[in-house]
file protein-v3.txt (compact mmCIF, C-alpha atoms)
# COMPACT_ATOMS: atom_id res chain seq x y z
CA MET A 12 0.00 0.00 0.00
CA ILE A 13 1.20 3.52 -0.84
CA SER A 14 2.45 5.49 2.16
CA ASN A 15 0.28 8.34 3.43
CA GLN A 16 3.14 10.76 2.75
CA ILE A 17 3.16 9.85 -0.95
CA LEU A 18 -0.63 10.12 -1.12
CA GLN A 19 -0.54 13.54 0.51
CA SER A 20 2.19 14.74 -1.83
CA THR A 21 0.15 13.51 -4.81
CA LEU A 22 -2.98 15.34 -3.67
CA ASP A 23 -1.02 18.53 -3.01
CA GLY A 24 0.37 18.33 -6.53
CA LEU A 25 -3.07 17.78 -8.03
CA LYS A 26 -4.53 20.71 -6.11
CA SER A 27 -1.74 23.03 -7.26
CA ILE A 28 -2.67 22.24 -10.87
CA THR A 29 -6.47 21.99 -10.70
CA ARG A 30 -7.28 24.29 -7.75
CA ILE A 31 -9.69 21.57 -6.59
CA ASP A 32 -9.56 19.84 -3.20
CA PHE A 33 -9.21 16.08 -2.78
CA CYS A 34 -9.40 13.53 0.01
CA ILE A 35 -8.39 9.87 -0.02
CA VAL A 36 -9.93 7.51 2.54
CA ASP A 37 -9.64 3.79 3.12
CA THR A 38 -12.60 1.43 2.77
CA ASP A 39 -13.50 2.05 6.43
CA GLY A 40 -13.84 5.78 5.86
CA LYS A 41 -10.59 6.78 7.59
CA ALA A 42 -8.88 9.75 5.93
CA LEU A 43 -5.35 8.95 4.71
CA ALA A 44 -4.51 12.20 2.90
CA SER A 45 -6.47 15.38 2.23
CA THR A 46 -6.25 18.94 0.96
CA PHE A 47 -9.61 19.90 2.49
CA THR A 48 -9.28 22.95 4.73
CA GLU A 49 -11.91 21.54 7.07
CA GLN A 50 -11.95 17.78 7.54
CA GLY A 51 -15.48 16.47 7.84
CA ASN A 52 -16.76 13.06 8.88
CA TYR A 53 -17.55 11.00 5.79
CA GLU A 54 -17.41 7.57 7.39
CA ASP A 55 -21.08 6.66 6.98
CA GLU A 56 -21.23 7.97 3.43
CA VAL A 57 -18.05 6.13 2.47
CA LEU A 58 -19.24 2.84 3.98
CA SER A 59 -22.53 3.16 2.13
CA PHE A 60 -20.71 3.98 -1.11
CA VAL A 61 -18.35 1.00 -0.66
CA GLU A 62 -21.31 -1.34 -0.34
CA SER A 63 -23.04 0.10 -3.42
CA PRO A 64 -22.42 -1.23 -6.95
CA ALA A 65 -21.57 2.27 -8.25
CA ASP A 66 -17.97 3.21 -9.12
CA SER A 67 -18.70 6.93 -8.77
CA GLN A 68 -21.38 8.91 -7.04
CA VAL A 69 -22.22 12.47 -5.99
CA VAL A 70 -22.76 12.68 -2.22
CA GLN A 71 -23.44 15.95 -0.36
CA GLY A 72 -21.71 18.05 -2.98
CA TYR A 73 -18.67 15.76 -3.27
CA GLN A 74 -17.80 13.40 -6.09
CA PHE A 75 -16.98 9.92 -4.72
CA PHE A 76 -14.79 7.50 -6.73
CA LYS A 77 -13.69 3.93 -6.08
CA ILE A 78 -10.01 3.13 -6.70
CA TYR A 79 -9.20 -0.50 -7.44
CA ASP A 80 -6.01 -2.50 -7.37
CA GLU A 81 -6.40 -5.60 -9.56
CA HIS A 82 -10.19 -5.61 -9.02
CA GLN A 83 -9.71 -5.19 -5.26
CA LEU A 84 -11.20 -1.98 -3.82
CA GLU A 85 -8.31 -0.14 -2.17
CA TYR A 86 -9.31 3.52 -1.67
CA VAL A 87 -12.16 5.96 -2.04
CA LEU A 88 -11.40 9.35 -3.55
CA LEU A 89 -13.47 12.41 -2.64
CA VAL A 90 -13.39 15.41 -4.95
CA SER A 91 -14.95 18.72 -3.94
CA GLY A 92 -17.80 19.67 -6.26
CA GLY A 93 -20.35 17.53 -8.03
CA GLY A 94 -20.18 18.99 -11.54
CA GLU A 95 -18.74 17.66 -14.80
CA ASP A 96 -15.35 19.30 -14.17
CA ALA A 97 -15.00 17.59 -10.80
CA TYR A 98 -15.92 14.28 -12.40
CA MET A 99 -13.30 14.59 -15.17
CA ILE A 100 -10.57 15.78 -12.79
CA GLY A 101 -11.47 12.95 -10.42
CA LYS A 102 -11.01 10.40 -13.22
CA LEU A 103 -7.59 11.90 -14.02
CA ALA A 104 -6.67 11.75 -10.32
CA ILE A 105 -7.69 8.07 -10.19
CA PHE A 106 -5.49 7.34 -13.20
CA GLN A 107 -2.51 8.97 -11.50
CA ILE A 108 -3.08 7.18 -8.18
CA GLN A 109 -3.45 3.81 -9.94
CA GLY A 110 -0.16 4.53 -11.71
CA LEU A 111 1.41 5.15 -8.32
CA MET A 112 -0.02 1.88 -7.02
CA THR A 113 1.49 -0.01 -9.96
CA ALA A 114 4.87 1.65 -9.40
CA TYR A 115 4.70 0.92 -5.68
CA LYS A 116 3.83 -2.69 -6.33
CA GLU A 117 6.79 -3.03 -8.69
CA ARG A 118 9.04 -1.42 -6.10
CA PHE A 119 7.66 -3.75 -3.44
CA ASP A 120 8.42 -6.75 -5.67
CA LYS A 121 11.94 -5.44 -6.23
CA ASP A 122 12.38 -4.70 -2.53
CA ASP A 123 11.21 -8.22 -1.63
CA PHE A 124 13.63 -9.66 -4.19
CA ILE A 125 16.56 -7.58 -2.89
CA LYS A 126 15.86 -8.54 0.74
CA ASN A 127 15.80 -12.24 -0.08
CA LEU A 128 18.90 -11.80 -2.23
CA LEU A 129 20.79 -10.16 0.65
CA LEU A 130 19.72 -12.85 3.11
CA ASP A 131 20.71 -15.61 0.67
CA ASN A 132 17.16 -17.01 0.62
CA LEU A 133 16.94 -17.65 -3.14
CA LEU A 134 17.96 -20.54 -5.34
CA LEU A 135 20.41 -19.66 -8.09
CA VAL A 136 17.88 -20.23 -10.85
CA ASP A 137 15.31 -18.06 -9.02
CA ILE A 138 17.80 -15.20 -8.73
CA TYR A 139 18.28 -14.90 -12.48
CA ASN A 140 14.63 -15.55 -13.36
CA ARG A 141 13.27 -12.93 -10.95
CA ALA A 142 15.98 -10.42 -11.86
CA LYS A 143 15.05 -10.75 -15.52
CA LYS A 144 11.35 -10.36 -14.75
CA LEU A 145 12.01 -7.25 -12.66
CA HIS A 146 14.39 -5.79 -15.29
CA ILE A 147 17.39 -5.83 -12.95
CA ASP A 148 20.82 -6.14 -14.56
CA THR A 149 22.52 -9.34 -13.38
CA GLU A 150 26.10 -8.44 -14.32
CA ALA A 151 26.55 -4.90 -13.01
CA LYS A 152 29.22 -3.93 -10.49
CA ARG A 153 27.60 -3.49 -7.08
CA VAL A 154 28.62 -3.01 -3.48
CA ILE A 155 26.64 -3.07 -0.23
CA PHE A 156 26.63 -0.16 2.21
CA ILE A 157 25.09 -0.62 5.67
CA ILE A 158 24.13 2.55 7.50
CA GLU A 159 23.44 2.57 11.22
CA THR A 160 22.01 5.53 13.12
CA LYS A 161 20.50 5.84 16.57
CA HIS A 162 16.95 6.21 15.22
CA ALA A 163 14.70 3.19 14.75
CA LYS A 164 13.61 2.53 11.17
CA ASP A 165 9.95 2.31 10.22
CA SER A 166 8.38 2.39 6.75
CA ASN A 167 8.14 6.19 6.69
CA VAL A 168 11.78 6.61 7.71
CA LEU A 169 12.77 4.10 5.05
CA ASP A 170 10.91 6.14 2.43
CA ASP A 171 12.81 9.23 3.59
CA TYR A 172 16.10 7.37 3.22
CA ARG A 173 15.12 6.21 -0.25
CA GLU A 174 14.45 9.78 -1.30
CA LEU A 175 17.67 11.00 0.31
CA LEU A 176 20.11 8.26 -0.73
CA GLY A 177 18.55 6.55 -3.72
CA ASP A 178 19.42 9.23 -6.25
CA GLU A 179 20.15 6.64 -8.92
CA THR A 180 17.30 4.56 -10.36
CA LYS A 181 19.54 1.49 -10.43
CA ASP A 182 20.30 1.67 -6.70
CA PHE A 183 18.17 -0.01 -4.04
CA VAL A 184 17.58 1.23 -0.50
CA THR A 185 16.03 -1.31 1.87
CA ALA A 186 16.16 -2.77 5.37
CA VAL A 187 16.07 -6.27 6.84
CA ASP A 188 15.75 -5.12 10.46
CA GLU A 189 14.81 -2.00 12.43
CA LYS A 190 18.41 -0.98 13.13
CA ASN A 191 20.12 -0.56 9.78
CA ILE A 192 19.53 0.81 6.30
CA ILE A 193 21.05 -1.11 3.40
CA VAL A 194 22.05 0.54 0.13
CA VAL A 195 22.73 -1.74 -2.84
CA LYS A 196 24.85 0.62 -4.92
CA GLU A 197 25.48 0.06 -8.62
CA LEU A 198 28.87 1.48 -9.56
CA GLU A 199 29.73 3.36 -12.69
CA GLY A 200 33.47 3.57 -12.08
CA ASP A 201 36.07 0.87 -11.48
CA GLY A 202 35.01 0.26 -7.87
CA SER A 203 38.29 1.56 -6.45
CA HIS A 204 38.77 2.17 -2.74
CA GLU A 205 38.74 5.92 -3.41
CA GLU A 206 35.39 5.71 -5.23
CA LEU A 207 33.80 3.68 -2.44
CA GLU A 208 35.13 5.98 0.28
CA LYS A 209 33.81 9.01 -1.61
CA THR A 210 30.36 7.40 -1.94
CA ALA A 211 30.30 6.50 1.77
CA GLN A 212 31.36 10.04 2.69
CA ASN A 213 28.59 11.46 0.51
CA PHE A 214 26.06 9.27 2.36
CA TYR A 215 27.49 10.43 5.68
CA ASN A 216 27.29 14.12 4.71
CA LEU A 217 23.71 13.81 3.44
CA LEU A 218 22.55 12.15 6.66
CA LYS A 219 24.44 14.64 8.81
CA GLU A 220 22.79 17.54 6.98
CA ASP A 221 19.44 15.80 7.46
CA GLY A 222 19.92 15.88 11.24
CA GLU A 223 21.04 12.29 11.88
CA GLU A 224 23.55 11.61 14.66
CA ASP A 225 25.89 8.75 15.61
CA ILE A 226 26.15 7.65 11.98
CA LEU A 227 28.16 4.54 11.22
CA ILE A 228 28.66 3.31 7.65
CA ALA A 229 30.25 0.02 6.62
CA TYR A 230 30.68 -1.48 3.17
CA GLY A 231 31.77 -4.76 1.62
CA THR A 232 33.78 -5.54 -1.49
CA VAL A 233 32.66 -4.95 -5.08
CA VAL A 234 30.89 -7.86 -6.80
CA GLU A 235 30.16 -8.19 -10.51
CA ASP A 236 27.33 -10.74 -10.52
CA ILE A 237 23.99 -10.41 -8.80
CA LYS A 238 24.33 -13.81 -7.14
CA GLU A 239 27.33 -12.44 -5.18
CA VAL A 240 25.45 -9.50 -3.65
CA SER A 241 24.77 -11.51 -0.47
CA GLN A 242 28.53 -11.95 -0.02
CA SER A 243 29.10 -8.19 -0.10
CA TYR A 244 26.28 -7.81 2.43
CA LYS A 245 27.87 -10.33 4.80
CA GLU A 246 31.18 -8.48 4.47
CA ALA A 247 29.57 -5.11 5.20
CA LYS A 248 27.77 -6.56 8.23
CA LEU A 249 31.04 -7.98 9.54
CA ALA A 250 32.76 -4.64 8.94
CA LEU A 251 30.02 -2.89 10.95
CA ASP A 252 30.47 -5.25 13.92
CA VAL A 253 34.27 -5.36 13.84
CA GLY A 254 34.48 -1.60 13.36
CA LYS A 255 32.66 -1.01 16.64
CA ILE A 256 35.41 -2.90 18.45
CA PHE A 257 38.66 -1.92 16.76
CA PHE A 258 37.82 1.29 14.87
CA GLU A 259 35.55 3.11 17.31
CA ASP A 260 37.00 6.47 16.25
CA LYS A 261 35.88 6.00 12.62
CA ASN A 262 32.49 6.69 11.06
CA ILE A 263 33.20 4.78 7.84
CA ILE A 264 34.62 1.24 7.84
CA ALA A 265 35.59 -0.84 4.81
CA TYR A 266 35.66 -4.62 4.97
CA SER A 267 38.97 -4.58 3.08
CA ALA A 268 40.56 -2.46 5.85
CA LEU A 269 39.64 -4.68 8.81
CA GLY A 270 42.99 -6.43 8.84
CA ILE A 271 43.66 -8.81 11.70
CA GLY A 272 40.59 -7.57 13.56
CA ARG A 273 38.47 -9.64 11.14
CA LEU A 274 40.27 -12.82 12.25
CA ILE A 275 40.13 -12.01 15.97
CA TYR A 276 36.38 -11.35 15.76
CA GLN A 277 35.80 -14.92 14.61
CA LEU A 278 37.72 -16.51 17.51
CA PRO A 279 35.77 -18.18 20.34
CA VAL A 280 36.08 -16.27 23.63
CA PRO A 281 37.44 -19.28 25.63
CA LEU A 282 40.32 -19.55 23.15
CA CYS A 283 41.00 -15.82 23.55
CA LYS A 284 41.13 -16.16 27.34
CA MET A 285 43.57 -19.03 27.00
CA PHE A 286 45.78 -16.97 24.70
CA ILE A 287 45.85 -13.97 27.08
CA LYS A 288 46.70 -16.22 30.01
CA GLU A 289 49.59 -17.75 28.10
CA ILE A 290 50.95 -14.33 27.11
CA PHE A 291 50.49 -12.37 30.31
CA GLY A 292 50.12 -15.08 32.92
CA GLY A 293 47.68 -13.87 35.53
CA LYS A 294 47.85 -10.28 34.29
CA SER A 295 45.94 -8.38 31.63
CA PRO A 296 46.84 -5.30 29.58
CA ASP A 297 44.06 -3.57 31.55
CA ASP A 298 46.31 -3.85 34.60
CA PHE A 299 48.91 -1.51 33.08
CA ASP A 300 48.85 2.09 34.22
CA GLU A 301 47.75 4.87 31.85
CA GLU A 302 51.31 6.05 31.24
CA THR A 303 52.40 2.57 30.11
CA LEU A 304 49.39 2.11 27.83
CA THR A 305 49.94 5.56 26.27
CA THR A 306 53.58 4.68 25.65
CA ILE A 307 52.64 1.34 24.06
CA ASN A 308 50.00 2.82 21.76
CA LYS A 309 52.23 5.70 20.65
CA PHE A 310 55.10 3.26 20.00
CA PHE A 311 52.85 1.22 17.73
CA GLU A 312 51.53 4.35 15.98
CA ASN A 313 55.10 5.26 15.06
CA ASN A 314 55.99 1.79 13.72
CA LEU A 315 58.29 0.93 16.65
CA ASN A 316 60.43 4.03 16.05
CA VAL A 317 62.01 4.98 19.40
CA SER A 318 63.17 8.46 18.38
CA GLU A 319 59.86 9.57 16.89
CA THR A 320 57.85 8.09 19.78
CA SER A 321 59.94 9.85 22.42
CA ARG A 322 59.60 13.13 20.48
CA GLN A 323 55.82 12.88 20.32
CA LEU A 324 55.60 11.91 24.00
CA TYR A 325 57.90 14.84 24.93
CA ILE A 326 60.21 12.54 26.86
CA HIS A 327 63.91 11.74 26.57
CA ARG A 328 64.86 8.76 24.44
CA ASN A 329 66.42 7.07 27.49
CA THR A 330 63.15 7.50 29.41
CA LEU A 331 61.30 5.65 26.67
CA VAL A 332 63.93 2.91 26.61
CA TYR A 333 63.56 2.59 30.39
CA ARG A 334 59.78 2.17 30.06
CA LEU A 335 60.19 -0.47 27.35
CA ASP A 336 62.75 -2.35 29.47
CA LYS A 337 60.37 -2.24 32.43
CA LEU A 338 57.56 -3.62 30.26
CA GLN A 339 59.82 -6.40 29.01
CA LYS A 340 60.63 -7.47 32.56
CA SER A 341 56.97 -7.67 33.54
CA THR A 342 55.67 -9.41 30.38
CA GLY A 343 58.70 -11.08 28.81
CA LEU A 344 57.95 -9.20 25.55
CA ASP A 345 60.35 -6.64 24.04
CA LEU A 346 58.31 -4.27 21.87
CA ARG A 347 61.46 -3.29 19.97
CA VAL A 348 61.53 -6.82 18.56
CA PHE A 349 59.08 -7.16 15.68
CA GLU A 350 57.76 -10.60 16.64
CA ASP A 351 57.17 -9.60 20.26
CA ALA A 352 55.49 -6.38 19.10
CA ILE A 353 53.08 -8.35 16.92
CA THR A 354 52.24 -10.67 19.80
CA PHE A 355 51.61 -7.75 22.12
CA LYS A 356 49.49 -5.88 19.56
CA ILE A 357 47.33 -8.94 18.93
CA ALA A 358 46.95 -9.48 22.68
CA LEU A 359 45.70 -5.91 23.13
CA MET A 360 43.15 -6.42 20.34
CA VAL A 361 42.03 -9.74 21.80
CA VAL A 362 41.41 -8.12 25.19
CA LYS A 363 39.37 -5.36 23.52
CA TYR A 364 37.36 -8.00 21.66
CA MET A 365 36.66 -9.97 24.86
CA LYS A 366 35.50 -6.83 26.68
CA TYR A 367 33.13 -6.02 23.82
CA MET A 368 31.66 -9.53 23.82
CA GLU A 369 31.19 -9.37 27.59
CA SER A 370 29.34 -6.07 27.25
CA LEU A 371 26.87 -7.70 24.82
CA GLU A 372 26.05 -10.37 27.39
CA TYR A 373 24.85 -7.79 29.89

call {"tool": "encode", "arguments": {"input": "protein-v3.txt", "output": "structure tokens"}}
result
Amino acid sequence: MISNQILQSTLDGLKSITRIDFCIVDTDGKALASTFTEQGNYEDEVLSFVESPADSQVVQGYQFFKIYDEHQLEYVLLVSGGGEDAYMIGKLAIFQIQGLMTAYKERFDKDDFIKNLLLDNLLLVDIYNRAKKLHIDTEAKRVIFIIETKHAKDSNVLDDYRELLGDETKDFVTAVDEKNIIVVKELEGDGSHEELEKTAQNFYNLLKEDGEEDILIAYGTVVEDIKEVSQSYKEAKLALDVGKIFFEDKNIIAYSALGIGRLIYQLPVPLCKMFIKEIFGGKSPDDFDEETLTTINKFFENNLNVSETSRQLYIHRNTLVYRLDKLQKSTGLDLRVFEDAITFKIALMVVKYMKYMESLEY
């Protein structure tokens, strides 16, 4: 069924052209959209009209019309005035609304197809058959973007997102839950990292200008066949989850940039606990004081460069060396040695992952 917002917009457009007022009600007489300055109660008249065999009728100075969808009565249209002009304009309005219903039905069919495609609910033969029937290109380059904001998503919000983000007719904007919006983007370029980042940034800017907050965007890799769209969706979903753990300072996360975080995220928590115990014994990186953790993180940021790290920390080189020696004595790991640095970095990420998983349990 067409959203009330679309119906209202259609009636407003018709009034601006014809200077005649319209009202659309459902088969129970409830007004869905109207340009009437004063909304009356037409429930009894509408119910009587619905039960009658007539497709149009003049009632109390209004022209009543029935609007069908494949022989099923869907709406009743009220047009102010009972003359010949009102009748002709009403017929034109019905034609436009029925066109909208057809377009909405086609979009619903496409939306249903895209949802099932994303969730991998279709057989291979069904994918190609339905895509052909719906006039969807099966060999275009596509990538999935998942957009998360703090607002819940209902049908009206989804329509707003479609209008805001779906500027290309070949793109699809949908949702499979109330938390996230999914954009199936057809690419015109080569699908480079720069192109995808630019597209994600454009989405972010549009939503920010529209008043959204706490926006998080994740995207998968580019696929060239429609049957692979579900794979890009799974990648984008993983990027969204992993990004919350290891890239909390970023608003846009690419699956291709997850690095080792993607592997850690798939480890069972008991195995992670065993690993941390083997590396640190009874300790945890959380036990280190803030100064030590700051030193460690800055050392990693500067690719294990002692001189640059000490400069950025505003400490003497020997002071940094002393801190690293102290850390080596307590953990057995020398961060100046590449292999030990990797072990320590992974351990820090594993601890962060375990803390995140624990927070989900509560």

call {"tool": "residues_around", "arguments": {"input": "protein-v3.txt", "residues": "segment 124-139 of chain A", "least_positions_apart": "3", "cutoff": "9 Å", "atoms": "only C-alpha atoms", "output": "MDAnalysis selection string"}}
result
chainID A and resid 119:121 142:145 149 183 185:187 195 237:245

call {"tool": "write_last_selection", "arguments": {"input": "protein-v3.txt", "atoms": "C-alpha atoms", "output": "mmCIF file, in the coordinates of the input"}}
result
data_model
loop_
_atom_site.group_PDB
_atom_site.id
_atom_site.type_symbol
_atom_site.label_atom_id
_atom_site.label_comp_id
_atom_site.auth_asym_id
_atom_site.auth_seq_id
_atom_site.Cartn_x
_atom_site.Cartn_y
_atom_site.Cartn_z
ATOM 1 C CA PHE A 119 7.660 -3.750 -3.440
ATOM 2 C CA ASP A 120 8.420 -6.750 -5.670
ATOM 3 C CA LYS A 121 11.940 -5.440 -6.230
ATOM 4 C CA ALA A 142 15.980 -10.420 -11.860
ATOM 5 C CA LYS A 143 15.050 -10.750 -15.520
ATOM 6 C CA LYS A 144 11.350 -10.360 -14.750
ATOM 7 C CA LEU A 145 12.010 -7.250 -12.660
ATOM 8 C CA THR A 149 22.520 -9.340 -13.380
ATOM 9 C CA PHE A 183 18.170 -0.010 -4.040
ATOM 10 C CA THR A 185 16.030 -1.310 1.870
ATOM 11 C CA ALA A 186 16.160 -2.770 5.370
ATOM 12 C CA VAL A 187 16.070 -6.270 6.840
ATOM 13 C CA VAL A 195 22.730 -1.740 -2.840
ATOM 14 C CA ILE A 237 23.990 -10.410 -8.800
ATOM 15 C CA LYS A 238 24.330 -13.810 -7.140
ATOM 16 C CA GLU A 239 27.330 -12.440 -5.180
ATOM 17 C CA VAL A 240 25.450 -9.500 -3.650
ATOM 18 C CA SER A 241 24.770 -11.510 -0.470
ATOM 19 C CA GLN A 242 28.530 -11.950 -0.020
ATOM 20 C CA SER A 243 29.100 -8.190 -0.100
ATOM 21 C CA TYR A 244 26.280 -7.810 2.430
ATOM 22 C CA LYS A 245 27.870 -10.330 4.800
#

call {"tool": "residues_around", "arguments": {"input": "protein-v3.txt", "residues": "Tyr367 of chain A", "least_positions_apart": "4", "cutoff": "10 Å", "atoms": "only C-alpha atoms", "output": "number ranges by chain"}}
result
A: 255-257, 361-363, 371-372

call {"tool": "write_last_selection", "arguments": {"input": "protein-v3.txt", "atoms": "C-alpha atoms", "output": "PDB file, in the coordinates of the input"}}
result
ATOM      1  CA  LYS A 255      32.660  -1.010  16.640  1.00  0.00           C
ATOM      2  CA  ILE A 256      35.410  -2.900  18.450  1.00  0.00           C
ATOM      3  CA  PHE A 257      38.660  -1.920  16.760  1.00  0.00           C
ATOM      4  CA  VAL A 361      42.030  -9.740  21.800  1.00  0.00           C
ATOM      5  CA  VAL A 362      41.410  -8.120  25.190  1.00  0.00           C
ATOM      6  CA  LYS A 363      39.370  -5.360  23.520  1.00  0.00           C
ATOM      7  CA  LEU A 371      26.870  -7.700  24.820  1.00  0.00           C
ATOM      8  CA  GLU A 372      26.050 -10.370  27.390  1.00  0.00           C
TER       9      GLU A 372
END

call {"tool": "closest_residue", "arguments": {"input": "protein-v3.txt", "among": "A:Ala265, A:Leu111, A:Thr320, A:Leu274", "to": "Thr305 of chain A", "atoms": "all atoms listed in the file"}}
result
A:Thr320

call {"tool": "closest_residue", "arguments": {"input": "protein-v3.txt", "among": "A:Ile100, A:Ile307, A:Cys283, A:Ile228", "to": "Leu88 of chain A", "atoms": "all atoms listed in the file"}}
result
A:Ile100

call {"tool": "atom_distance", "arguments": {"input": "protein-v3.txt", "atom1": "atom CA of Leu218 of chain A", "atom2": "atom CA of Thr160 of chain A"}}
result
9.3 Å

call {"tool": "residues_near_point", "arguments": {"input": "protein-v3.txt", "point": "(-10.9, 0.9, -0.5)", "cutoff": "6 Å", "atoms": "all atoms listed in the file", "output": "compact mmCIF listing (two decimals) with C-alpha atoms, in the frame of the given file"}}
result
# COMPACT_ATOMS: atom_id res chain seq x y z
CA ASP A 37 -9.64 3.79 3.12
CA THR A 38 -12.60 1.43 2.77
CA LEU A 84 -11.20 -1.98 -3.82
CA GLU A 85 -8.31 -0.14 -2.17
CA TYR A 86 -9.31 3.52 -1.67
CA VAL A 87 -12.16 5.96 -2.04

call {"tool": "closest_residue", "arguments": {"input": "protein-v3.txt", "among": "A:Ile157, A:Val233, A:Val194, A:Val184", "to": "Ala247 of chain A", "atoms": "all atoms listed in the file"}}
result
A:Ile157

call {"tool": "atom_distance", "arguments": {"input": "protein-v3.txt", "atom1": "atom CA of Gln16 of chain A", "atom2": "atom CA of Glu62 of chain A"}}
result
27.5 Å

call {"tool": "closest_residue", "arguments": {"input": "protein-v3.txt", "among": "A:Phe258, A:Phe299, A:Phe33, A:Phe75", "to": "Ser63 of chain A", "atoms": "all atoms listed in the file"}}
result
A:Phe75

call {"tool": "closest_residue", "arguments": {"input": "protein-v3.txt", "among": "A:Val61, A:Ile357, A:Leu217, A:Ile287", "to": "Leu175 of chain A", "atoms": "all atoms listed in the file"}}
result
A:Leu217
